[in-house]
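Participant: Data: structure.tsv, TSV, C-alpha atoms and all ligand atoms.
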```
chain	number	residue	atom	x	y	z
S	1	MET	CA	95.67	68.92	108.66
S	2	ASP	CA	95.68	71.30	105.71
S	3	GLU	CA	97.12	74.76	106.34
S	4	ASN	CA	94.19	76.37	104.48
S	5	ALA	CA	90.72	75.37	103.33
S	6	TYR	CA	91.32	75.59	99.57
S	7	ARG	CA	91.71	71.88	98.91
S	8	GLU	CA	87.96	71.70	99.59
S	9	THR	CA	86.85	75.27	98.97
S	10	VAL	CA	86.64	76.62	95.43
S	11	PHE	CA	87.91	80.18	95.42
S	12	LEU	CA	85.36	82.66	93.98
S	13	SER	CA	82.92	79.82	93.34
S	14	TRP	CA	80.19	82.39	92.66
S	15	VAL	CA	81.74	83.14	89.27
S	16	ALA	CA	80.20	79.78	88.23
S	17	ASP	CA	76.91	81.66	87.94
S	18	GLY	CA	76.82	82.25	84.19
S	19	THR	CA	74.26	85.04	84.58
S	20	ILE	CA	76.86	87.65	85.63
S	21	ARG	CA	79.31	89.54	83.48
S	22	LEU	CA	82.67	89.14	85.18
S	23	ASP	CA	83.80	92.60	84.10
S	24	ASP	CA	80.88	94.08	86.07
S	25	VAL	CA	81.94	92.42	89.34
S	26	PRO	CA	84.18	94.90	91.20
S	27	GLU	CA	86.25	92.31	93.10
S	28	TRP	CA	86.95	90.37	89.91
S	29	ALA	CA	87.61	93.33	87.63
S	30	ARG	CA	89.68	95.34	90.16
S	31	HIS	CA	91.95	92.42	91.10
S	32	GLN	CA	92.31	91.33	87.50
S	33	ALA	CA	93.36	94.79	86.35
S	34	MET	CA	95.75	95.14	89.33
S	35	GLN	CA	97.56	91.91	88.44
S	36	PHE	CA	97.57	92.28	84.66
S	37	ASP	CA	98.55	95.97	84.63
S	38	PHE	CA	101.34	95.31	87.12
S	39	LEU	CA	102.90	92.68	84.86
S	40	LEU	CA	102.64	95.01	81.87
S	41	ARG	CA	104.31	97.83	83.84
S	42	ARG	CA	107.10	95.40	84.65
S	43	GLY	CA	107.66	94.87	80.94
S	44	LEU	CA	105.88	91.56	80.32
S	45	ALA	CA	106.20	90.76	76.62
S	46	PRO	CA	103.55	88.76	74.70
S	47	THR	CA	106.28	86.24	73.97
S	48	ALA	CA	106.95	85.57	77.68
S	49	ARG	CA	106.25	82.20	79.26
S	50	VAL	CA	104.29	82.86	82.46
S	51	LEU	CA	103.69	80.52	85.40
S	52	ASP	CA	100.82	81.49	87.76
S	53	MET	CA	101.02	79.56	91.07
S	54	GLY	CA	97.74	79.26	93.00
S	55	CYS	CA	96.06	80.58	89.87
S	56	GLY	CA	92.49	80.06	91.13
S	57	PRO	CA	89.67	80.30	88.55
S	58	LEU	CA	91.95	82.23	86.17
S	59	ARG	CA	91.24	85.79	87.28
S	60	LEU	CA	94.63	86.78	85.91
S	61	GLY	CA	94.81	83.92	83.40
S	62	SER	CA	91.62	84.79	81.55
S	63	ARG	CA	93.02	88.27	80.87
S	64	LEU	CA	96.58	87.17	80.24
S	65	ILE	CA	96.08	84.15	77.98
S	66	PRO	CA	94.73	86.14	74.99
S	67	HIS	CA	97.67	88.54	75.42
S	68	LEU	CA	100.33	85.83	75.31
S	69	THR	CA	101.66	83.77	72.48
S	70	GLU	CA	99.58	80.65	72.27
S	71	GLY	CA	100.22	78.08	74.95
S	72	TRP	CA	102.62	80.07	77.08
S	73	TYR	CA	100.46	80.49	80.18
S	74	TYR	CA	100.83	77.80	82.84
S	75	GLY	CA	98.46	77.87	85.82
S	76	GLN	CA	98.86	75.70	88.92
S	77	ASP	CA	96.42	75.17	91.80
S	78	ILE	CA	95.72	72.67	94.56
S	79	ASN	CA	92.02	72.29	93.76
S	80	PRO	CA	90.88	70.53	90.55
S	81	ARG	CA	87.38	72.03	90.86
S	82	THR	CA	88.88	75.52	90.99
S	83	LEU	CA	90.74	74.78	87.76
S	84	ALA	CA	87.54	73.39	86.20
S	85	LEU	CA	85.87	76.68	87.09
S	86	GLY	CA	88.74	78.48	85.39
S	87	ARG	CA	88.09	76.48	82.21
S	88	GLN	CA	84.44	77.48	82.46
S	89	VAL	CA	85.45	81.14	82.76
S	90	LEU	CA	87.60	80.81	79.62
S	91	GLU	CA	84.74	79.22	77.74
S	92	ARG	CA	82.34	82.03	78.69
S	93	LEU	CA	84.87	84.57	77.48
S	94	GLY	CA	85.42	82.67	74.23
S	95	VAL	CA	89.09	81.92	75.01
S	96	ALA	CA	90.17	78.48	73.75
S	97	ALA	CA	91.25	76.28	76.69
S	98	ASP	CA	94.10	74.78	74.66
S	99	ARG	CA	95.85	78.16	74.79
S	100	CYS	CA	97.06	77.30	78.30
S	101	THR	CA	98.29	74.45	80.48
S	102	LEU	CA	96.58	73.96	83.84
S	103	LEU	CA	98.27	71.81	86.46
S	104	CYS	CA	96.81	70.44	89.67
S	105	SER	CA	99.22	69.49	92.47
S	106	ASP	CA	99.22	69.65	96.25
S	107	ASP	CA	103.00	69.71	96.64
S	108	PHE	CA	103.76	72.51	94.13
S	109	SER	CA	105.07	69.99	91.60
S	110	LEU	CA	105.05	71.30	88.06
S	111	ASP	CA	105.24	68.19	85.88
S	112	GLY	CA	104.87	69.18	82.23
S	113	VAL	CA	106.67	72.51	82.58
S	114	ASP	CA	110.16	72.33	81.09
S	115	ASP	CA	113.03	73.14	83.45
S	116	HIS	CA	114.42	76.69	83.10
S	117	SER	CA	111.72	77.64	80.57
S	118	ILE	CA	109.68	80.20	82.51
S	119	ASP	CA	110.39	83.93	82.11
S	120	VAL	CA	108.03	85.23	84.78
S	121	ALA	CA	106.36	83.42	87.65
S	122	PHE	CA	103.60	85.09	89.61
S	123	SER	CA	101.24	84.49	92.50
S	124	ASN	CA	98.63	86.73	93.99
S	125	SER	CA	97.50	85.83	97.48
S	126	LEU	CA	99.06	82.37	97.65
S	127	PHE	CA	101.79	82.88	100.26
S	128	SER	CA	99.14	84.60	102.40
S	129	HIS	CA	97.60	81.12	102.82
S	130	LEU	CA	100.85	79.16	103.26
S	131	GLY	CA	103.06	78.44	106.26
S	132	ALA	CA	106.83	78.88	105.99
S	133	GLU	CA	107.56	75.26	105.04
S	134	SER	CA	105.14	75.46	102.09
S	135	VAL	CA	106.43	78.87	100.99
S	136	ARG	CA	109.92	77.40	100.81
S	137	ARG	CA	108.74	74.33	98.88
S	138	CYS	CA	106.84	76.51	96.44
S	139	LEU	CA	109.86	78.78	95.91
S	140	GLU	CA	112.09	75.75	95.32
S	141	SER	CA	109.72	74.18	92.83
S	142	VAL	CA	109.39	77.41	90.86
S	143	ALA	CA	113.16	77.99	90.96
S	144	GLY	CA	113.71	74.81	88.92
S	145	LYS	CA	111.40	76.10	86.19
S	146	LEU	CA	112.64	79.71	85.97
S	147	ARG	CA	115.19	80.62	83.35
S	148	PRO	CA	118.46	82.02	84.80
S	149	GLY	CA	117.78	85.56	85.99
S	150	GLY	CA	114.02	84.93	85.87
S	151	VAL	CA	111.72	86.56	88.39
S	152	TYR	CA	108.96	85.25	90.62
S	153	TYR	CA	106.55	87.99	91.76
S	154	SER	CA	104.57	86.81	94.77
S	155	THR	CA	102.49	88.69	97.31
S	156	PHE	CA	102.49	88.07	101.04
S	157	PHE	CA	101.28	89.71	104.23
S	158	ALA	CA	104.27	91.64	105.56
S	159	ILE	CA	104.37	92.94	109.12
S	160	PRO	CA	106.13	96.16	110.12
S	161	GLU	CA	109.61	95.79	111.62
S	162	ASP	CA	108.45	96.89	115.06
S	163	HIS	CA	105.60	94.40	115.28
S	164	ASP	CA	106.12	91.30	117.45
S	165	TRP	CA	105.70	88.61	114.73
S	166	ARG	CA	104.12	86.20	117.23
S	167	GLN	CA	101.15	88.51	117.70
S	168	PRO	CA	98.12	88.84	115.37
S	169	PHE	CA	98.33	91.84	113.08
S	170	PRO	CA	95.06	93.69	112.31
S	171	ARG	CA	94.15	94.31	108.64
S	172	ASP	CA	91.47	96.25	106.82
S	173	LYS	CA	90.74	95.21	103.24
S	174	TRP	CA	88.27	97.61	101.67
S	175	GLY	CA	86.39	97.87	104.98
S	176	ARG	CA	86.61	94.18	105.92
S	177	GLN	CA	88.48	93.67	109.22
S	178	PHE	CA	90.60	90.59	109.92
S	179	ALA	CA	93.95	89.63	111.47
S	180	THR	CA	96.97	87.79	110.07
S	181	ARG	CA	99.04	85.41	112.20
S	182	PRO	CA	102.41	83.63	112.10
S	183	ASP	CA	100.96	80.13	112.47
S	184	HIS	CA	97.47	80.20	111.00
S	185	ASP	CA	95.78	81.10	107.72
S	186	PRO	CA	95.97	83.97	106.77
S	187	PHE	CA	99.73	83.93	107.50
S	188	HIS	CA	102.07	86.90	107.91
S	189	TYR	CA	105.85	87.24	107.64
S	190	GLY	CA	108.45	89.75	108.59
S	191	VAL	CA	110.45	90.86	105.54
S	192	PRO	CA	113.72	89.48	107.04
S	193	MET	CA	112.11	86.06	107.45
S	194	MET	CA	110.86	86.09	103.84
S	195	GLU	CA	114.39	87.13	102.79
S	196	GLU	CA	115.77	84.05	104.55
S	197	LEU	CA	113.25	81.75	102.86
S	198	ALA	CA	114.14	83.33	99.52
S	199	ARG	CA	117.89	82.92	100.05
S	200	ALA	CA	117.50	79.27	101.10
S	201	ALA	CA	115.58	78.56	97.89
S	202	GLY	CA	118.11	80.34	95.62
S	203	TYR	CA	116.63	83.84	95.24
S	204	ALA	CA	117.29	87.40	96.32
S	205	LEU	CA	114.19	89.19	97.60
S	206	ALA	CA	113.25	92.81	96.94
S	207	ILE	CA	109.97	94.57	97.68
S	208	ASP	CA	108.04	96.28	94.87
S	209	PRO	CA	105.87	99.07	96.30
S	210	ASP	CA	103.92	99.54	93.08
S	211	PHE	CA	101.53	96.57	93.01
S	212	GLY	CA	98.49	98.31	94.51
S	213	HIS	CA	97.07	95.52	96.69
S	214	PRO	CA	95.20	97.01	99.67
S	215	THR	CA	96.78	94.71	102.27
S	216	GLN	CA	99.50	92.55	100.71
S	217	THR	CA	103.09	93.34	99.78
S	218	MET	CA	104.62	92.35	96.45
S	219	GLY	CA	107.84	90.37	96.81
S	220	VAL	CA	110.22	90.19	93.86
S	221	PHE	CA	112.09	86.88	94.10
S	222	ARG	CA	114.96	87.08	91.64
S	223	ARG	CA	116.60	83.75	90.81
S	224	LEU	CA	120.29	83.86	91.62
S	225	ALA	CA	122.48	82.88	88.69
S	226	HIS	CA	124.68	80.51	90.73
S	227	ALA	CA	121.78	78.78	92.51
J	301	LIG	C1	93.13	83.76	97.49
J	301	LIG	S1	93.14	82.63	96.17
J	301	LIG	C2	93.96	83.54	94.90
J	301	LIG	C3	93.70	82.99	93.52
J	301	LIG	C4	94.30	83.78	92.35
J	301	LIG	N1	95.74	83.90	92.49
J	301	LIG	C5	93.64	85.13	92.23
J	301	LIG	O1	94.25	86.14	92.61
J	301	LIG	O2	92.49	85.17	91.80
J	301	LIG	C6	94.37	81.44	96.66
J	301	LIG	C7	94.50	80.29	95.66
J	301	LIG	O3	95.60	79.48	96.06
J	301	LIG	C8	95.24	78.12	95.93
J	301	LIG	N2	96.05	77.34	96.89
J	301	LIG	C9	95.98	77.29	98.23
J	301	LIG	N3	96.90	76.45	98.73
J	301	LIG	C10	97.59	75.97	97.68
J	301	LIG	C11	98.69	75.07	97.53
J	301	LIG	N4	99.26	74.47	98.60
J	301	LIG	N5	99.14	74.80	96.28
J	301	LIG	C12	98.57	75.38	95.21
J	301	LIG	N6	97.53	76.24	95.27
J	301	LIG	C13	97.05	76.54	96.49
J	301	LIG	C14	93.75	78.09	96.24
J	301	LIG	O4	93.08	76.95	95.74
J	301	LIG	C15	93.27	79.39	95.59
J	301	LIG	O5	92.88	79.20	94.26
```
Please express the file's structure as structure tokens.
Ligand SMILES: C[S@@+](CC[C@H](N)C(=O)[O-])C[C@H]1O[C@@H](n2cnc3c(N)ncnc32)[C@H](O)[C@@H]1O
Facilitator:
Amino acid sequence: MDENAYRETVFLSWVADGTIRLDDVPEWARHQAMQFDFLLRRGLAPTARVLDMGCGPLRLGSRLIPHLTEGWYYGQDINPRTLALGRQVLERLGVAADRCTLLCSDDFSLDGVDDHSIDVAFSNSLFSHLGAESVRRCLESVAGKLRPGGVYYSTFFAIPEDHDWRQPFPRDKWGRQFATRPDHDPFHYGVPMMEELARAAGYALAIDPDFGHPTQTMGVFRRLAHA
């Protein structure tokens, strides 16, 4: 059984409705600005090669692609219809689809991305839908594509140190109540457990408090030189 519903469910499928201006939709615009501005604050250069895992319908990509040197945005997702929607979003915004490479895989494989070529990898709200085994596989796959010293920024639901990780943890995202769990989508992790997953996959983990997501924590997975 899949660990989340996204193989079937197209994330933000309502953006397919061509009657709306994406910039006027708060959830789209707010999340897009949060992701794009964060990368700029972290020094992203237009010449960087960026890999966006679980890229969805290109909420970040549609803003980032025009900013980057042609062809240096790579987006990966499990759902081909979600990627098709992303292409539709690009078309509506007048961004040429051949300015990016979109990859569909259900095992995080990244065929077509050269080894050690990526400067910055990123994912917003992917690990929140993955169990530990998948998080590790994703980290390992990205590690092979990152240049030495490259960084993978990826959000996850962190639980406080004093919370029993086996128990649900209540969340409030802009007034919407839900709970994260250790064994069920949406998944949570203690920071020490995420550190272990990072180490096993060849990274050192730090936390960046400056992302601005209402419920998720930004992990900075720095590729270890000797890994
Ligand atoms: C909450 S959405 C976030 C999308 C995008 N990062 C954004 O912020 O707009 C999670 C995305 O992860 C994708 N996803 C879920 N499981 C995946 C997997 N095993 N491999 C690749 N993508 C996956 C989903 O299809 C969906 O597009």
Participant: As a quick test: using all atoms listed in the file, which residues lie no more than 7 Å away from ligand LIG 301 (chain J)? Give them as a PyMOL selection string.
Facilitator: chain S and resi 4+6-7+10-11+31+53-60+76-79+82+105-108+123-126+129-130+134
Participant: Taking only C-alpha atoms into account, which of S:Asp52, S:Pro46, S:Arg81, S:Asp183 comes nearest S:Leu68?
Facilitator: S:Pro46
Participant: Kindly give the distance, in Å, that separates atom CA of S:Ser141 and atom CA of S:Cys100, rounded to a single decimal.
Facilitator: 19.5 Å
Participant: Quick one: residues within 8 Å of S:Pro170, all atoms listed in the file counted, chain neighbours fewer than 6 positions away excluded, as a list in words?
Facilitator: Gln177, Phe178, Ala179 and Thr180 of chain S
Participant: Residues of stretch 27-82 of chain S that have any atom at most 12 Å from an atom of stretch 150-160 of chain S: could you tabulate them with the shortest-distance atom pair and the distance in Å to one decimal, using all atoms listed in the file, ordered by chain and increasing number, as JSON lines?
Facilitator:
```
{"residue": "S:Gln35", "atom": "CA", "partner": "S:Tyr153", "partner_atom": "CA", "distance": 10.4}
{"residue": "S:Phe38", "atom": "CA", "partner": "S:Tyr153", "partner_atom": "CA", "distance": 10.1}
{"residue": "S:Leu39", "atom": "CA", "partner": "S:Tyr153", "partner_atom": "CA", "distance": 9.1}
{"residue": "S:Arg42", "atom": "CA", "partner": "S:Tyr153", "partner_atom": "CA", "distance": 10.3}
{"residue": "S:Gly43", "atom": "CA", "partner": "S:Val151", "partner_atom": "CA", "distance": 11.9}
{"residue": "S:Leu44", "atom": "CA", "partner": "S:Val151", "partner_atom": "CA", "distance": 11.1}
{"residue": "S:Ala48", "atom": "CA", "partner": "S:Gly150", "partner_atom": "CA", "distance": 10.8}
{"residue": "S:Arg49", "atom": "CA", "partner": "S:Gly150", "partner_atom": "CA", "distance": 10.6}
{"residue": "S:Val50", "atom": "CA", "partner": "S:Tyr152", "partner_atom": "CA", "distance": 9.7}
{"residue": "S:Leu51", "atom": "CA", "partner": "S:Tyr152", "partner_atom": "CA", "distance": 8.8}
{"residue": "S:Asp52", "atom": "CA", "partner": "S:Tyr152", "partner_atom": "CA", "distance": 9.4}
{"residue": "S:Met53", "atom": "CA", "partner": "S:Ser154", "partner_atom": "CA", "distance": 8.9}
{"residue": "S:Gly54", "atom": "CA", "partner": "S:Ser154", "partner_atom": "CA", "distance": 10.3}
{"residue": "S:Cys55", "atom": "CA", "partner": "S:Ser154", "partner_atom": "CA", "distance": 11.6}
```
Participant: Some atoms are absent from stretch 10-38 of chain S, so rebuild N, CA and C atoms and return them as an mmCIF file, in the coordinates of the input.
Facilitator:
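Final file, part-v1.cif:
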```
data_model
loop_
_atom_site.group_PDB
_atom_site.id
_atom_site.type_symbol
_atom_site.label_atom_id
_atom_site.label_comp_id
_atom_site.auth_asym_id
_atom_site.auth_seq_id
_atom_site.Cartn_x
_atom_site.Cartn_y
_atom_site.Cartn_z
ATOM 1 N N VAL S 10 86.328 76.047 96.742
ATOM 2 C CA VAL S 10 86.640 76.620 95.430
ATOM 3 C C VAL S 10 86.645 78.144 95.562
ATOM 4 N N PHE S 11 87.775 78.733 95.276
ATOM 5 C CA PHE S 11 87.910 80.180 95.420
ATOM 6 C C PHE S 11 87.031 80.896 94.384
ATOM 7 N N LEU S 12 86.269 81.873 94.839
ATOM 8 C CA LEU S 12 85.360 82.660 93.980
ATOM 9 C C LEU S 12 84.362 81.765 93.248
ATOM 10 N N SER S 13 83.813 80.790 93.987
ATOM 11 C CA SER S 13 82.920 79.820 93.340
ATOM 12 C C SER S 13 81.689 80.497 92.732
ATOM 13 N N TRP S 14 81.366 81.689 93.207
ATOM 14 C CA TRP S 14 80.190 82.390 92.660
ATOM 15 C C TRP S 14 80.382 82.799 91.205
ATOM 16 N N VAL S 15 81.610 82.772 90.686
ATOM 17 C CA VAL S 15 81.740 83.140 89.270
ATOM 18 C C VAL S 15 81.194 82.017 88.365
ATOM 19 N N ALA S 16 80.817 80.866 89.002
ATOM 20 C CA ALA S 16 80.200 79.780 88.230
ATOM 21 C C ALA S 16 78.820 80.192 87.727
ATOM 22 N N ASP S 17 78.237 81.204 88.347
ATOM 23 C CA ASP S 17 76.910 81.660 87.940
ATOM 24 C C ASP S 17 77.020 82.393 86.598
ATOM 25 N N GLY S 18 76.646 81.709 85.537
ATOM 26 C CA GLY S 18 76.820 82.250 84.190
ATOM 27 C C GLY S 18 75.981 83.483 83.899
ATOM 28 N N THR S 19 75.141 83.899 84.859
ATOM 29 C CA THR S 19 74.260 85.040 84.580
ATOM 30 C C THR S 19 74.999 86.375 84.741
ATOM 31 N N ILE S 20 76.192 86.373 85.401
ATOM 32 C CA ILE S 20 76.860 87.650 85.630
ATOM 33 C C ILE S 20 77.964 87.892 84.607
ATOM 34 N N ARG S 21 78.171 89.165 84.320
ATOM 35 C CA ARG S 21 79.310 89.540 83.480
ATOM 36 C C ARG S 21 80.485 89.807 84.407
ATOM 37 N N LEU S 22 81.557 89.033 84.232
ATOM 38 C CA LEU S 22 82.670 89.140 85.180
ATOM 39 C C LEU S 22 83.223 90.562 85.263
ATOM 40 N N ASP S 23 83.236 91.244 84.119
ATOM 41 C CA ASP S 23 83.800 92.600 84.100
ATOM 42 C C ASP S 23 82.990 93.566 84.971
ATOM 43 N N ASP S 24 81.724 93.206 85.258
ATOM 44 C CA ASP S 24 80.880 94.080 86.070
ATOM 45 C C ASP S 24 81.039 93.812 87.561
ATOM 46 N N VAL S 25 81.788 92.761 87.919
ATOM 47 C CA VAL S 25 81.940 92.420 89.340
ATOM 48 C C VAL S 25 83.198 93.115 89.864
ATOM 49 N N PRO S 26 83.031 94.085 90.794
ATOM 50 C CA PRO S 26 84.180 94.900 91.200
ATOM 51 C C PRO S 26 85.370 94.085 91.687
ATOM 52 N N GLU S 27 85.118 93.055 92.521
ATOM 53 C CA GLU S 27 86.250 92.310 93.100
ATOM 54 C C GLU S 27 87.033 91.565 92.012
ATOM 55 N N TRP S 28 86.293 91.090 91.020
ATOM 56 C CA TRP S 28 86.950 90.370 89.910
ATOM 57 C C TRP S 28 87.730 91.348 89.044
ATOM 58 N N ALA S 29 87.028 92.396 88.606
ATOM 59 C CA ALA S 29 87.610 93.330 87.630
ATOM 60 C C ALA S 29 88.801 94.091 88.248
ATOM 61 N N ARG S 30 88.629 94.540 89.517
ATOM 62 C CA ARG S 30 89.680 95.340 90.160
ATOM 63 C C ARG S 30 90.956 94.512 90.366
ATOM 64 N N HIS S 31 90.771 93.269 90.872
ATOM 65 C CA HIS S 31 91.950 92.420 91.100
ATOM 66 C C HIS S 31 92.596 91.991 89.784
ATOM 67 N N GLN S 32 91.760 91.746 88.781
ATOM 68 C CA GLN S 32 92.310 91.330 87.500
ATOM 69 C C GLN S 32 93.170 92.435 86.895
ATOM 70 N N ALA S 33 92.619 93.657 86.916
ATOM 71 C CA ALA S 33 93.360 94.790 86.350
ATOM 72 C C ALA S 33 94.646 95.027 87.147
ATOM 73 N N MET S 34 94.560 94.907 88.486
ATOM 74 C CA MET S 34 95.750 95.140 89.330
ATOM 75 C C MET S 34 96.876 94.183 88.931
ATOM 76 N N GLN S 35 96.541 92.914 88.739
ATOM 77 C CA GLN S 35 97.560 91.910 88.440
ATOM 78 C C GLN S 35 98.088 92.059 87.002
ATOM 79 N N PHE S 36 97.165 92.205 86.067
ATOM 80 C CA PHE S 36 97.570 92.280 84.660
ATOM 81 C C PHE S 36 98.369 93.566 84.398
ATOM 82 N N ASP S 37 97.864 94.700 84.887
ATOM 83 C CA ASP S 37 98.550 95.970 84.630
ATOM 84 C C ASP S 37 99.933 95.991 85.284
ATOM 85 N N PHE S 38 100.040 95.373 86.459
ATOM 86 C CA PHE S 38 101.340 95.310 87.120
ATOM 87 C C PHE S 38 102.364 94.584 86.234
#
```
